file my_file-v7.cif (mmCIF, C-alpha atoms)
data_structure
#
loop_
_atom_site.label_atom_id
_atom_site.label_comp_id
_atom_site.auth_asym_id
_atom_site.auth_seq_id
_atom_site.Cartn_x
_atom_site.Cartn_y
_atom_site.Cartn_z
CA MET A 896 89.40 114.16 76.14
CA VAL A 897 89.52 116.26 79.31
CA ARG A 898 89.82 114.13 82.43
CA VAL A 899 88.09 115.54 85.49
CA LYS A 900 89.76 114.51 88.72
CA ARG A 901 87.53 113.77 91.67
CA ASN A 902 88.37 113.87 95.33
CA LEU A 903 87.58 110.53 96.90
CA ASP A 904 86.31 110.24 100.42
CA ALA A 905 87.32 107.54 102.89
CA VAL A 906 84.46 105.26 101.83
CA ASP A 907 85.47 105.48 98.14
CA ILE A 908 89.05 104.61 99.09
CA GLU A 909 87.88 101.66 101.18
CA ILE A 910 85.73 100.41 98.28
CA LEU A 911 88.74 100.70 95.95
CA LYS A 912 90.88 98.73 98.41
CA ILE A 913 88.29 95.95 98.48
CA LEU A 914 87.94 95.92 94.69
CA THR A 915 91.72 95.87 94.28
CA GLN A 916 91.91 92.74 96.42
CA ASN A 917 88.87 91.07 94.82
CA CYS A 918 87.04 92.81 92.00
CA ARG A 919 84.27 90.19 92.15
CA GLU A 920 83.39 90.89 95.79
CA LYS A 921 79.61 90.93 96.23
CA LEU A 922 78.01 94.33 96.77
CA GLU A 923 76.43 93.15 100.02
CA SER A 924 79.83 92.14 101.36
CA ILE A 925 81.39 95.49 100.38
CA ALA A 926 78.40 97.31 101.88
CA SER A 927 78.81 95.56 105.23
CA LYS A 928 82.52 96.40 105.28
CA VAL A 929 82.09 100.11 104.54
CA GLY A 930 78.85 100.72 106.44
CA LEU A 931 76.61 101.56 103.48
CA SER A 932 73.72 99.85 101.75
CA ALA A 933 74.40 97.72 98.66
CA PRO A 934 72.58 100.22 96.36
CA MET A 935 74.76 103.06 97.70
CA VAL A 936 77.91 101.01 97.08
CA ARG A 937 76.70 100.21 93.54
CA LYS A 938 76.09 103.93 92.94
CA ARG A 939 79.59 104.84 94.14
CA ILE A 940 81.21 102.15 91.98
CA GLU A 941 79.19 103.24 88.94
CA THR A 942 80.24 106.85 89.55
CA MET A 943 83.90 105.81 89.77
CA GLU A 944 83.48 103.77 86.57
CA ARG A 945 81.86 106.71 84.79
CA LEU A 946 84.71 108.99 85.90
CA GLY A 947 87.28 106.46 84.69
CA ILE A 948 88.68 105.74 88.16
CA VAL A 949 87.55 102.11 87.99
CA LYS A 950 88.38 100.76 84.53
CA LYS A 951 87.45 97.10 84.53
CA CYS A 952 87.40 93.93 86.54
CA SER A 953 89.79 91.32 85.26
CA ALA A 954 91.71 88.27 86.39
CA LYS A 955 95.13 88.93 87.86
CA ILE A 956 97.67 86.61 86.34
CA ASP A 957 101.03 86.23 88.02
CA LEU A 958 103.17 86.09 84.90
CA GLU A 959 106.22 85.22 86.97
CA MET A 960 104.56 81.86 87.72
CA LEU A 961 104.57 81.02 84.01
CA ASP A 962 107.74 79.26 82.98
CA GLY A 963 110.08 81.55 81.07
CA VAL A 964 108.19 84.85 81.33
CA VAL A 965 110.64 87.72 81.71
CA THR A 966 110.00 91.21 83.08
CA LYS A 967 112.58 93.88 82.26
CA ALA A 968 112.99 97.60 82.61
CA LEU A 969 114.60 99.28 79.62
CA ILE A 970 116.17 102.68 80.14
CA ILE A 971 116.49 104.55 76.85
CA ARG A 972 118.31 107.87 76.56
CA HIS A 973 117.95 109.83 73.34
CA ARG A 974 116.64 113.15 72.09
CA GLY A 975 113.05 113.12 70.90
CA VAL A 976 111.70 110.85 73.61
CA GLU A 977 108.06 111.55 72.64
CA ARG A 978 108.51 109.96 69.20
CA ILE A 979 110.41 107.03 70.66
CA ALA A 980 107.75 106.54 73.34
CA ASP A 981 105.01 106.47 70.68
CA ASP A 982 106.92 103.87 68.63
CA LEU A 983 107.72 101.84 71.72
CA TYR A 984 104.10 101.84 72.86
CA ARG A 985 103.06 100.05 69.66
CA ASN A 986 105.05 97.01 70.78
CA LYS A 987 102.75 94.50 72.52
CA GLY A 988 105.40 93.49 75.03
CA VAL A 989 105.67 97.00 76.45
CA GLU A 990 103.51 97.24 79.54
CA LYS A 991 104.31 100.74 80.84
CA ILE A 992 106.29 103.74 79.65
CA TYR A 993 107.66 106.57 81.79
CA VAL A 994 109.11 109.64 80.07
CA SER A 995 111.41 112.34 81.46
CA ARG A 996 111.60 115.09 78.87
CA ALA A 997 114.08 117.04 80.98
CA ASP A 998 116.58 114.17 80.86
CA ASP A 999 115.58 112.79 77.44
CA THR A 1000 115.00 109.46 79.17
CA ILE A 1001 112.39 106.73 78.82
CA ILE A 1002 111.85 103.85 81.20
CA ALA A 1003 109.83 101.06 79.62
CA ILE A 1004 108.55 98.05 81.55
CA VAL A 1005 108.62 95.09 79.18
CA ARG A 1006 107.20 91.58 79.57
CA ALA A 1007 108.23 88.84 77.20
CA ILE A 1008 107.96 85.09 76.90
CA ASN A 1009 111.73 84.72 77.11
CA GLU A 1010 115.06 86.58 77.15
CA GLN A 1011 115.42 86.16 73.39
CA GLU A 1012 112.25 88.17 72.79
CA VAL A 1013 113.59 90.99 74.98
CA ARG A 1014 116.93 90.93 73.15
CA GLY A 1015 115.03 91.10 69.86
CA LEU A 1016 113.21 94.23 71.04
CA VAL A 1017 116.48 95.83 72.19
CA GLU A 1018 118.16 95.03 68.85
CA THR A 1019 115.21 96.50 66.95
CA LEU A 1020 115.39 99.66 69.04
CA GLN A 1021 119.15 99.95 68.46
CA LYS A 1022 118.59 99.73 64.69
CA GLU A 1023 115.73 102.25 64.73
CA ILE A 1024 117.51 104.65 67.10
CA PRO A 1025 121.22 104.15 66.39
CA ASN A 1026 122.55 106.77 68.82
CA ALA A 1027 120.32 105.78 71.73
CA GLU A 1028 121.78 104.48 74.97
CA ILE A 1029 119.71 101.44 75.98
CA ILE A 1030 120.18 99.80 79.35
CA ASP A 1031 118.48 96.45 80.00
CA ILE A 1032 117.64 95.95 83.70
CA ASP A 1033 116.13 92.91 85.39
CA LEU A 1034 113.04 93.79 87.42
CA VAL A 1035 113.63 92.07 90.73
CA MET A 1036 110.82 93.38 92.94
CA GLU A 1037 107.32 94.49 92.27
CA ARG A 1038 104.44 95.38 94.55
CA GLU A 1039 100.88 96.13 93.63
CA TRP A 1040 99.80 99.51 94.89
CA VAL A 1041 96.67 99.65 97.01
CA PRO A 1042 95.05 103.03 97.67
CA GLU A 1043 95.37 104.20 101.25
CA LYS A 1044 94.24 107.13 103.32
CA PRO A 1045 95.21 107.53 106.97
CA GLY A 1046 92.71 106.33 109.53
CA ILE A 1047 90.41 104.27 107.32
CA GLY A 1048 90.99 100.83 108.80
CA ILE A 1049 87.77 101.41 110.73
CA ILE A 1050 85.21 103.77 109.29
CA TYR A 1051 83.49 106.05 111.76
CA ARG A 1052 80.34 107.98 110.93
CA CYS A 1053 79.21 111.11 112.66
CA ASN A 1054 76.08 110.36 114.68
CA PHE A 1055 74.85 113.89 114.03
CA CYS A 1056 75.31 114.44 110.29
CA GLY A 1057 76.01 110.88 109.11
CA GLY A 1058 79.22 111.84 107.29
CA VAL A 1059 82.35 109.70 107.27
CA ILE A 1060 84.91 110.83 109.86
CA ILE A 1061 88.44 111.15 108.52
CA GLY A 1062 91.00 110.76 111.29
CA SER A 1063 90.11 110.35 114.95
CA PRO A 1064 86.47 110.75 115.93
CA HIS A 1065 85.22 112.86 118.83
CA VAL A 1066 83.77 110.18 121.15
CA VAL A 1067 81.01 110.88 123.68
CA THR A 1068 78.97 108.51 125.86
CA ILE A 1069 75.31 109.50 125.84
CA ASN A 1070 72.86 107.57 128.03
CA GLY A 1071 75.32 104.68 128.19
CA VAL A 1072 75.80 104.51 124.41
CA ILE A 1073 79.10 105.44 122.78
CA ARG A 1074 78.57 107.96 119.97
CA THR A 1075 81.10 109.28 117.43
CA PHE A 1076 81.16 112.78 115.94
CA HIS A 1077 83.30 114.94 113.69
CA GLY A 1078 84.00 117.22 116.61
CA LYS A 1079 82.61 118.93 119.68
CA GLU A 1080 80.23 121.06 117.61
CA CYS A 1081 78.50 118.02 116.07
CA ALA A 1082 78.27 116.36 119.48
CA GLU A 1083 76.69 119.43 121.07
CA ALA A 1084 74.27 119.84 118.17
CA TYR A 1085 73.31 116.16 118.45
CA ILE A 1086 72.68 116.46 122.19
CA GLN A 1087 70.73 119.67 121.77
CA LYS A 1088 68.65 118.24 118.94
CA ARG A 1089 67.85 115.04 120.79
CA GLN A 1090 67.66 116.78 124.18
CA LEU A 1091 69.58 113.95 125.72
CA ARG A 1092 71.40 113.99 128.99
CA LEU A 1093 75.19 113.67 128.74
CA THR A 1094 76.68 110.97 130.96
CA THR A 1095 80.27 110.04 131.55
#

call {"tool": "encode", "arguments": {"input": "my_file-v7.cif", "output": "C-alpha coordinates"}}
result
Amino acid sequence: MVRVKRNLDAVDIEILKILTQNCREKLESIASKVGLSAPMVRKRIETMERLGIVKKCSAKIDLEMLDGVVTKALIIRHRGVERIADDLYRNKGVEKIYVSRADDTIIAIVRAINEQEVRGLVETLQKEIPNAEIIDIDLVMEREWVPEKPGIGIIYRCNFCGGVIIGSPHVVTINGVIRTFHGKECAEAYIQKRQLRLTT
(Lines of atoms letter the chains of each structure in order from A and count residues from 1; the text may use other names and numbers.)
(Lines give C-alpha, C1' and ligand atoms only; values in the text may rest on other atoms or scores of the structure.)
Protein backbone atom coordinates (compact mmCIF):
# COMPACT_ATOMS: atom_id res chain seq x y z
CA MET A 1 0.00 0.00 0.00
CA VAL A 2 1.41 3.39 -1.00
CA ARG A 3 1.16 5.94 1.78
CA VAL A 4 0.61 9.50 0.64
CA LYS A 5 2.07 12.05 3.01
CA ARG A 6 0.14 15.24 3.55
CA ASN A 7 1.40 18.58 4.72
CA LEU A 8 -0.55 19.67 7.76
CA ASP A 9 -1.37 23.28 8.42
CA ALA A 10 -1.30 24.94 11.83
CA VAL A 11 -4.98 24.16 12.46
CA ASP A 12 -4.45 20.44 11.72
CA ILE A 13 -1.50 20.40 14.13
CA GLU A 14 -3.55 22.15 16.81
CA ILE A 15 -6.38 19.62 16.35
CA LEU A 16 -3.86 16.77 16.68
CA LYS A 17 -2.48 18.30 19.88
CA ILE A 18 -5.98 18.46 21.35
CA LEU A 19 -6.80 14.89 20.28
CA THR A 20 -3.49 13.66 21.69
CA GLN A 21 -4.39 15.11 25.08
CA ASN A 22 -8.03 13.96 24.96
CA CYS A 23 -9.28 11.97 21.99
CA ARG A 24 -12.86 12.27 23.27
CA GLU A 25 -12.88 16.07 23.23
CA LYS A 26 -16.18 17.34 21.83
CA LEU A 27 -16.09 18.81 18.33
CA GLU A 28 -17.59 22.07 19.59
CA SER A 29 -14.81 22.42 22.15
CA ILE A 30 -12.11 21.73 19.54
CA ALA A 31 -13.80 24.15 17.14
CA SER A 32 -13.77 26.96 19.70
CA LYS A 33 -10.08 26.34 20.41
CA VAL A 34 -8.97 26.38 16.77
CA GLY A 35 -11.35 29.03 15.45
CA LEU A 36 -13.37 26.83 13.09
CA SER A 37 -16.92 25.51 13.04
CA ALA A 38 -17.61 22.02 14.40
CA PRO A 39 -18.46 20.66 10.90
CA MET A 40 -15.12 21.96 9.57
CA VAL A 41 -13.27 20.30 12.46
CA ARG A 42 -15.13 17.04 11.80
CA LYS A 43 -14.16 17.26 8.12
CA ARG A 44 -10.49 17.79 8.98
CA ILE A 45 -10.47 14.88 11.45
CA GLU A 46 -12.20 12.61 8.93
CA THR A 47 -9.62 13.60 6.30
CA MET A 48 -6.77 12.82 8.70
CA GLU A 49 -8.44 9.48 9.53
CA ARG A 50 -8.85 8.65 5.84
CA LEU A 51 -5.18 9.49 5.22
CA GLY A 52 -4.12 7.31 8.16
CA ILE A 53 -2.74 10.20 10.21
CA VAL A 54 -5.33 9.65 12.95
CA LYS A 55 -5.62 5.91 13.59
CA LYS A 56 -8.02 5.47 16.47
CA CYS A 57 -9.17 6.84 19.77
CA SER A 58 -8.32 4.63 22.69
CA ALA A 59 -7.77 4.75 26.42
CA LYS A 60 -4.24 5.52 27.54
CA ILE A 61 -3.16 3.09 30.20
CA ASP A 62 -0.11 3.88 32.27
CA LEU A 63 1.34 0.39 32.45
CA GLU A 64 3.96 1.56 34.93
CA MET A 65 1.13 2.04 37.44
CA LEU A 66 0.30 -1.66 37.25
CA ASP A 67 2.24 -3.67 39.78
CA GLY A 68 5.08 -5.61 38.19
CA VAL A 69 4.84 -4.36 34.59
CA VAL A 70 8.32 -4.03 33.10
CA THR A 71 9.42 -1.96 30.11
CA LYS A 72 12.77 -2.84 28.55
CA ALA A 73 14.78 -1.94 25.51
CA LEU A 74 16.56 -4.87 23.89
CA ILE A 75 19.49 -4.12 21.61
CA ILE A 76 20.16 -7.02 19.26
CA ARG A 77 23.18 -7.11 16.95
CA HIS A 78 23.30 -9.77 14.27
CA ARG A 79 23.39 -10.10 10.50
CA GLY A 80 20.02 -10.45 8.82
CA VAL A 81 18.18 -7.95 10.99
CA GLU A 82 15.11 -7.95 8.71
CA ARG A 83 14.39 -11.63 9.42
CA ILE A 84 15.01 -11.17 13.13
CA ALA A 85 12.77 -8.10 13.19
CA ASP A 86 9.95 -10.05 11.52
CA ASP A 87 10.27 -12.90 14.04
CA LEU A 88 10.51 -10.47 16.94
CA TYR A 89 7.42 -8.58 15.82
CA ARG A 90 5.31 -11.73 16.19
CA ASN A 91 5.92 -11.63 19.94
CA LYS A 92 3.01 -9.90 21.70
CA GLY A 93 5.26 -8.26 24.26
CA VAL A 94 7.19 -6.34 21.62
CA GLU A 95 5.76 -2.85 21.35
CA LYS A 96 8.15 -1.16 18.89
CA ILE A 97 11.06 -2.21 16.70
CA TYR A 98 13.77 0.04 15.27
CA VAL A 99 16.17 -1.39 12.68
CA SER A 100 19.56 -0.09 11.55
CA ARG A 101 20.58 -2.14 8.53
CA ALA A 102 23.91 -0.32 8.30
CA ASP A 103 24.89 -1.49 11.80
CA ASP A 104 22.97 -4.80 11.76
CA THR A 105 21.24 -3.59 14.91
CA ILE A 106 17.69 -3.84 16.23
CA ILE A 107 16.27 -1.94 19.17
CA ALA A 108 13.06 -3.50 20.45
CA ILE A 109 10.87 -1.90 23.10
CA VAL A 110 9.36 -4.70 25.16
CA ARG A 111 6.63 -4.64 27.80
CA ALA A 112 6.07 -7.62 30.03
CA ILE A 113 4.17 -8.52 33.17
CA ASN A 114 7.41 -9.22 35.02
CA GLU A 115 11.19 -9.59 34.68
CA GLN A 116 10.86 -13.34 34.24
CA GLU A 117 8.81 -12.86 31.08
CA VAL A 118 11.50 -10.56 29.65
CA ARG A 119 14.23 -13.07 30.55
CA GLY A 120 12.19 -15.77 28.82
CA LEU A 121 12.05 -13.68 25.65
CA VAL A 122 15.81 -13.03 25.79
CA GLU A 123 16.54 -16.74 26.31
CA THR A 124 14.30 -17.65 23.38
CA LEU A 125 16.09 -15.13 21.18
CA GLN A 126 19.50 -16.47 22.25
CA LYS A 127 18.42 -20.00 21.26
CA GLU A 128 16.95 -18.88 17.93
CA ILE A 129 19.88 -16.57 17.10
CA PRO A 130 22.89 -18.17 18.81
CA ASN A 131 25.51 -15.66 17.62
CA ALA A 132 23.47 -12.56 18.37
CA GLU A 133 24.62 -10.00 20.90
CA ILE A 134 21.59 -9.12 23.05
CA ILE A 135 21.74 -6.27 25.54
CA ASP A 136 18.86 -5.87 28.00
CA ILE A 137 18.37 -2.22 29.05
CA ASP A 138 15.92 -0.80 31.58
CA LEU A 139 13.80 1.98 30.11
CA VAL A 140 14.01 4.73 32.70
CA MET A 141 12.34 7.69 31.01
CA GLU A 142 9.60 8.02 28.49
CA ARG A 143 7.70 11.01 27.16
CA GLU A 144 4.72 11.04 24.87
CA TRP A 145 5.38 13.09 21.78
CA VAL A 146 2.91 15.84 20.96
CA PRO A 147 3.00 17.43 17.51
CA GLU A 148 4.24 21.01 17.50
CA LYS A 149 4.76 23.75 14.99
CA PRO A 150 6.26 27.11 15.94
CA GLY A 151 3.83 29.90 16.68
CA ILE A 152 0.61 27.94 17.04
CA GLY A 153 -0.16 28.62 20.69
CA ILE A 154 -2.54 31.29 19.41
CA ILE A 155 -4.00 30.89 15.95
CA TYR A 156 -4.24 34.04 13.90
CA ARG A 157 -6.33 34.28 10.74
CA CYS A 158 -5.77 36.75 7.97
CA ASN A 159 -8.64 39.24 7.93
CA PHE A 160 -8.30 39.52 4.15
CA CYS A 161 -8.13 35.93 2.90
CA GLY A 162 -9.18 34.01 6.03
CA GLY A 163 -6.13 31.72 5.98
CA VAL A 164 -4.26 30.63 9.08
CA ILE A 165 -1.16 32.74 9.73
CA ILE A 166 1.97 30.73 10.49
CA GLY A 167 4.44 32.76 12.53
CA SER A 168 3.94 36.39 13.48
CA PRO A 169 0.98 38.21 11.95
CA HIS A 170 1.14 41.64 10.33
CA VAL A 171 -1.02 43.71 12.72
CA VAL A 172 -2.86 46.87 11.66
CA THR A 173 -5.42 49.00 13.52
CA ILE A 174 -8.28 49.96 11.21
CA ASN A 175 -11.01 52.27 12.52
CA GLY A 176 -10.04 51.37 16.08
CA VAL A 177 -10.17 47.60 15.46
CA ILE A 178 -7.02 45.47 15.51
CA ARG A 179 -6.77 43.34 12.36
CA THR A 180 -4.27 40.58 11.53
CA PHE A 181 -2.90 39.75 8.09
CA HIS A 182 -0.33 37.50 6.43
CA GLY A 183 1.64 40.55 5.43
CA LYS A 184 1.52 44.10 4.16
CA GLU A 185 0.05 43.02 0.81
CA CYS A 186 -3.00 41.39 2.44
CA ALA A 187 -3.48 44.42 4.69
CA GLU A 188 -3.38 46.83 1.74
CA ALA A 189 -5.74 44.66 -0.29
CA TYR A 190 -8.14 44.50 2.66
CA ILE A 191 -8.09 48.28 3.10
CA GLN A 192 -8.51 48.88 -0.61
CA LYS A 193 -11.35 46.37 -0.88
CA ARG A 194 -13.20 47.75 2.11
CA GLN A 195 -12.19 51.35 1.36
CA LEU A 196 -11.49 51.90 5.01
CA ARG A 197 -9.43 54.64 6.51
CA LEU A 198 -6.22 53.51 8.20
CA THR A 199 -5.76 54.83 11.74
CA THR A 200 -2.88 54.44 14.11

call {"tool": "atom_distance", "arguments": {"input": "my_file-v7.cif", "atom1": "atom CA of Ala980 of chain A", "atom2": "atom CA of Ile1024 of chain A"}}
result
11.7 Å

call {"tool": "closest_residue", "arguments": {"input": "my_file-v7.cif", "among": "A:Arg945, A:Lys921, A:Arg1006, A:Lys912", "to": "Ala968 of chain A", "atoms": "only C-alpha atoms"}}
result
A:Arg1006

call {"tool": "residues_around", "arguments": {"input": "my_file-v7.cif", "residues": "Gly1058 of chain A", "least_positions_apart": "6", "cutoff": "9 Å", "atoms": "all atoms listed in the file", "output": "PyMOL selection string"}}
result
chain A and resi 1051-1052+1076-1077

call {"tool": "closest_residue", "arguments": {"input": "my_file-v7.cif", "among": "A:Thr942, A:Lys951, A:Val906, A:Val1067", "to": "Ile925 of chain A", "atoms": "only C-alpha atoms"}}
result
A:Val906

call {"tool": "resolve_selection", "arguments": {"input": "my_file-v7.cif", "expression": "the PyMOL selection byres ((chain A and resi 1032) around 7)", "output": "list in words"}}
result
Lys967, Ala968, Leu969, Ile1030, Asp1031, Asp1033 and Leu1034 of chain A

call {"tool": "residues_around", "arguments": {"input": "my_file-v7.cif", "residues": "Val989 of chain A", "least_positions_apart": "3", "cutoff": "10 Å", "atoms": "all atoms listed in the file", "output": "list in words"}}
result
Thr966, Lys967, Ala968, Leu969, Leu983, Tyr984, Arg985, Asn986, Ile992, Ala1003, Ile1004, Val1005, Arg1006, Ala1007 and Leu1016 of chain A

call {"tool": "atom_distance", "arguments": {"input": "my_file-v7.cif", "atom1": "atom CA of Gly947 of chain A", "atom2": "atom CA of Asp904 of chain A"}}
result
16.2 Å

call {"tool": "atom_distance", "arguments": {"input": "my_file-v7.cif", "atom1": "atom CA of Ile940 of chain A", "atom2": "atom CA of Leu911 of chain A"}}
result
8.6 Å

call {"tool": "residues_around", "arguments": {"input": "my_file-v7.cif", "residues": "Glu1028 of chain A", "least_positions_apart": "5", "cutoff": "7 Å", "atoms": "only C-alpha atoms", "output": "VMD selection string"}}
result
chain A and resid 971 to 973
